[in-house]
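Colleague: Here's a structure for you.
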Amino acid sequence: AGKEQHGEPTVTQEPEVASIAVHGSIEASDSVAGIVISPTASSRAGRYGCGMTRSHPFQGTFNFRDVGGYSGRDGRTVVWGRLYRSDSLHRIDEADREAFGALGIRTVLDLRRPHEVDRDGRVPEYDGLAYHHIHPEHEEWGRYDPAEDLDRYLADRYADLAETGAAGIAKALTVIADPANAPVVVHCVAGKDRTGVVCALTLALLGVDDAVVADDYALSTEASARFSAWIRATLP
């Protein structure tokens, strides 16, 4: 647990992601990504929106999933198929192209550092797909020491990200908030830390309970294990 892979330590527990505040112009309104609907559509879905597909396995990704289905403000539900989160999409190839295209994604929001984009590349340039590279400024993370408390380590890093990267996070949320951009997929390297913060804030703005936001974050645990195994096998 906690071993850093390409700047993103493996998750084993749920840090205090839902308590992070961003200073910016984003309003806690129903317009965030146009992804809140009336209670009739998904009231049967339960806490995790059972009956719909949350994870979307692609050959080239490990942590691609739908952020819909959660109960939000006034008993309404976050719409499925409007906001996705993922690890880096530069590995999407022809084997995944049809399945990726079937999701109808219009906008890719890439939160990686410029040198990470230069190193790995970006999502393929598919017709009708808009690409936004928005890097929330933050210091390079040092290697995680397993002797440290992982929850505290991650909570401190996320709080620093929310402070130094506030402008970038606000810009990312603005992209998500524009219904013309939907469906949107947001990603970083492992789809856990930077992506987790942006998605946690989006869900919080929509009135999703903090415990559910933390549970959604924790779904990256299994994906992180697969990603770490791939890293070890590919980059020995």
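All residue names refer to the structure tokens as shown: chains lettered A, B, ... in order, residues numbered from 1 in each chain, ligands numbered from 1 in order.
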Find the residues around region 128-145 of chain A up to 9 Å (only C-alpha atoms counted), leave out those fewer than 6 positions away in its own chain, and share them as a PyMOL selection string.

Modeller: chain A and resi 2-4+7-9+105-114+117+122+153+157+160-172+175+181+194

Colleague: Given the selection you just returned, output its residues as a file containing N, CA, C and O atoms, formatted as a tab-separated table (two decimals), in the first residue's frame.

Modeller:
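Result file is result_38.tsv:
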```tsv
chain	number	residue	atom	x	y	z
A	2	GLY	N	0.45	2.23	-0.79
A	2	GLY	CA	1.10	3.51	-0.72
A	2	GLY	C	2.33	3.65	-1.58
A	2	GLY	O	3.01	4.66	-1.50
A	3	LYS	N	2.68	2.66	-2.37
A	3	LYS	CA	3.84	2.79	-3.24
A	3	LYS	C	3.50	3.68	-4.41
A	3	LYS	O	2.55	3.47	-5.12
A	4	GLU	N	4.35	4.68	-4.64
A	4	GLU	CA	4.08	5.65	-5.70
A	4	GLU	C	4.37	5.03	-7.05
A	4	GLU	O	5.39	4.39	-7.26
A	7	GLY	N	4.05	8.98	-9.81
A	7	GLY	CA	3.57	10.13	-9.07
A	7	GLY	C	2.25	9.92	-8.37
A	7	GLY	O	1.73	10.83	-7.77
A	8	GLU	N	1.65	8.72	-8.40
A	8	GLU	CA	0.34	8.52	-7.80
A	8	GLU	C	0.39	7.28	-6.91
A	8	GLU	O	0.44	6.16	-7.38
A	9	PRO	N	0.41	7.45	-5.55
A	9	PRO	CA	0.51	6.29	-4.67
A	9	PRO	C	-0.74	5.43	-4.71
A	9	PRO	O	-1.85	5.91	-4.94
A	105	ILE	N	-18.76	10.41	-25.99
A	105	ILE	CA	-18.00	11.43	-25.27
A	105	ILE	C	-17.63	12.58	-26.20
A	105	ILE	O	-17.10	12.36	-27.28
A	106	ARG	N	-17.91	13.80	-25.77
A	106	ARG	CA	-17.59	14.99	-26.55
A	106	ARG	C	-16.30	15.66	-26.08
A	106	ARG	O	-15.64	16.35	-26.86
A	107	THR	N	-16.00	15.52	-24.78
A	107	THR	CA	-14.93	16.32	-24.20
A	107	THR	C	-14.03	15.47	-23.32
A	107	THR	O	-14.51	14.72	-22.47
A	108	VAL	N	-12.71	15.59	-23.53
A	108	VAL	CA	-11.72	14.98	-22.66
A	108	VAL	C	-11.03	16.09	-21.88
A	108	VAL	O	-10.55	17.07	-22.46
A	109	LEU	N	-10.99	15.93	-20.57
A	109	LEU	CA	-10.37	16.90	-19.67
A	109	LEU	C	-9.15	16.24	-19.05
A	109	LEU	O	-9.27	15.35	-18.20
A	110	ASP	N	-7.98	16.64	-19.47
A	110	ASP	CA	-6.71	16.01	-19.08
A	110	ASP	C	-6.05	16.87	-18.00
A	110	ASP	O	-5.67	18.02	-18.26
A	111	LEU	N	-5.89	16.31	-16.80
A	111	LEU	CA	-5.35	17.06	-15.66
A	111	LEU	C	-3.86	16.81	-15.43
A	111	LEU	O	-3.31	17.30	-14.44
A	112	ARG	N	-3.22	16.10	-16.32
A	112	ARG	CA	-1.82	15.74	-16.10
A	112	ARG	C	-0.89	16.94	-16.24
A	112	ARG	O	-1.22	17.95	-16.85
A	113	ARG	N	0.29	16.77	-15.67
A	113	ARG	CA	1.33	17.79	-15.83
A	113	ARG	C	1.80	17.82	-17.28
A	113	ARG	O	1.73	16.80	-17.98
A	114	PRO	N	2.29	18.98	-17.75
A	114	PRO	CA	2.77	19.04	-19.13
A	114	PRO	C	3.82	17.97	-19.46
A	114	PRO	O	3.80	17.38	-20.54
A	117	VAL	N	2.17	14.65	-20.17
A	117	VAL	CA	1.57	14.60	-21.51
A	117	VAL	C	2.66	14.41	-22.55
A	117	VAL	O	2.52	13.59	-23.48
A	122	ARG	N	-1.36	11.90	-25.64
A	122	ARG	CA	-2.73	12.25	-25.27
A	122	ARG	C	-3.72	11.29	-25.91
A	122	ARG	O	-3.33	10.40	-26.68
A	153	TYR	N	-1.29	11.48	4.69
A	153	TYR	CA	-0.44	11.86	3.55
A	153	TYR	C	-1.28	12.36	2.38
A	153	TYR	O	-1.03	13.43	1.82
A	157	ARG	N	-1.78	16.18	0.76
A	157	ARG	CA	-1.46	16.45	-0.65
A	157	ARG	C	-2.67	17.05	-1.36
A	157	ARG	O	-2.54	17.97	-2.18
A	160	ASP	N	-3.16	20.67	-0.36
A	160	ASP	CA	-2.19	21.50	-1.08
A	160	ASP	C	-2.63	21.70	-2.53
A	160	ASP	O	-2.55	22.81	-3.07
A	161	LEU	N	-3.11	20.63	-3.16
A	161	LEU	CA	-3.58	20.72	-4.54
A	161	LEU	C	-4.75	21.70	-4.65
A	161	LEU	O	-4.81	22.51	-5.58
A	162	ALA	N	-5.68	21.63	-3.69
A	162	ALA	CA	-6.84	22.51	-3.72
A	162	ALA	C	-6.45	23.97	-3.55
A	162	ALA	O	-7.11	24.87	-4.09
A	163	GLU	N	-5.36	24.22	-2.83
A	163	GLU	CA	-4.92	25.59	-2.60
A	163	GLU	C	-4.10	26.12	-3.78
A	163	GLU	O	-4.42	27.15	-4.37
A	164	THR	N	-3.04	25.40	-4.15
A	164	THR	CA	-2.16	25.91	-5.20
A	164	THR	C	-2.76	25.72	-6.59
A	164	THR	O	-2.43	26.45	-7.52
A	165	GLY	N	-3.64	24.74	-6.72
A	165	GLY	CA	-4.25	24.47	-8.02
A	165	GLY	C	-5.67	24.97	-8.15
A	165	GLY	O	-6.40	24.53	-9.05
A	166	ALA	N	-6.07	25.91	-7.26
A	166	ALA	CA	-7.47	26.36	-7.23
A	166	ALA	C	-7.93	26.89	-8.59
A	166	ALA	O	-9.05	26.59	-9.03
A	167	ALA	N	-7.08	27.67	-9.25
A	167	ALA	CA	-7.49	28.26	-10.53
A	167	ALA	C	-7.72	27.16	-11.58
A	167	ALA	O	-8.71	27.20	-12.33
A	168	GLY	N	-6.83	26.17	-11.62
A	168	GLY	CA	-6.99	25.09	-12.57
A	168	GLY	C	-8.20	24.22	-12.27
A	168	GLY	O	-8.91	23.80	-13.18
A	169	ILE	N	-8.43	23.96	-10.98
A	169	ILE	CA	-9.60	23.16	-10.60
A	169	ILE	C	-10.88	23.90	-10.96
A	169	ILE	O	-11.83	23.30	-11.47
A	170	ALA	N	-10.92	25.21	-10.68
A	170	ALA	CA	-12.10	25.99	-11.03
A	170	ALA	C	-12.33	25.97	-12.54
A	170	ALA	O	-13.48	25.87	-13.01
A	171	LYS	N	-11.25	26.04	-13.32
A	171	LYS	CA	-11.38	26.00	-14.77
A	171	LYS	C	-11.90	24.63	-15.22
A	171	LYS	O	-12.76	24.54	-16.11
A	172	ALA	N	-11.41	23.56	-14.59
A	172	ALA	CA	-11.89	22.22	-14.92
A	172	ALA	C	-13.37	22.08	-14.61
A	172	ALA	O	-14.15	21.53	-15.41
A	175	VAL	N	-15.49	23.70	-17.24
A	175	VAL	CA	-15.67	22.86	-18.43
A	175	VAL	C	-16.75	21.82	-18.16
A	175	VAL	O	-17.64	21.59	-18.99
A	181	ASN	N	-20.58	20.59	-23.34
A	181	ASN	CA	-19.39	19.73	-23.36
A	181	ASN	C	-19.70	18.27	-23.04
A	181	ASN	O	-18.85	17.41	-23.23
A	194	ARG	N	-5.74	13.58	-8.75
A	194	ARG	CA	-6.26	14.81	-9.35
A	194	ARG	C	-7.67	14.62	-9.87
A	194	ARG	O	-8.56	15.45	-9.63
```

Colleague: Mind checking which residues fall within 12 Å of Arg65 (chain A), counting only C-alpha atoms, ignoring those fewer than 3 positions away in the same chain, and posting them as a VMD selection string?

Modeller: chain A and resid 52 to 58 61 to 62 68 to 69 80 to 87 100 103 184 to 187 191 to 192 195 to 196 199 216 to 217 219 to 220 223

Colleague: Could you state the separation of CA of Ala200 (chain A) and CA of Arg97 (chain A) in Å, given to one decimal place?

Modeller: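 Calculated distance between CA of Ala200 (chain A) and CA of Arg97 (chain A) is 27.7 Å.
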
Colleague: Which parts of region 135-227 of chain A does DSSP call alpha helix (DSSP H) when run on the backbone here, written out as a PyMOL selection string?

Modeller: chain A and resi 150-164+166-177+194-205+210-218+220-227

Colleague: Might you pull out every residue within 9 Å of Asp93 (chain A), with only C-alpha atoms counted and same-chain residues fewer than 4 positions away left off, and present them as a ChimeraX atom specification?

Modeller: /A:59-60,97,123-124

Colleague: Would you mind telling me which residue in A:Val67, A:Ala233, A:Ile92, A:Ala102 lies nearest to Leu201 (chain A) when using only C-alpha atoms?

Modeller: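 Nearest to Leu201 (chain A): A:Val67.
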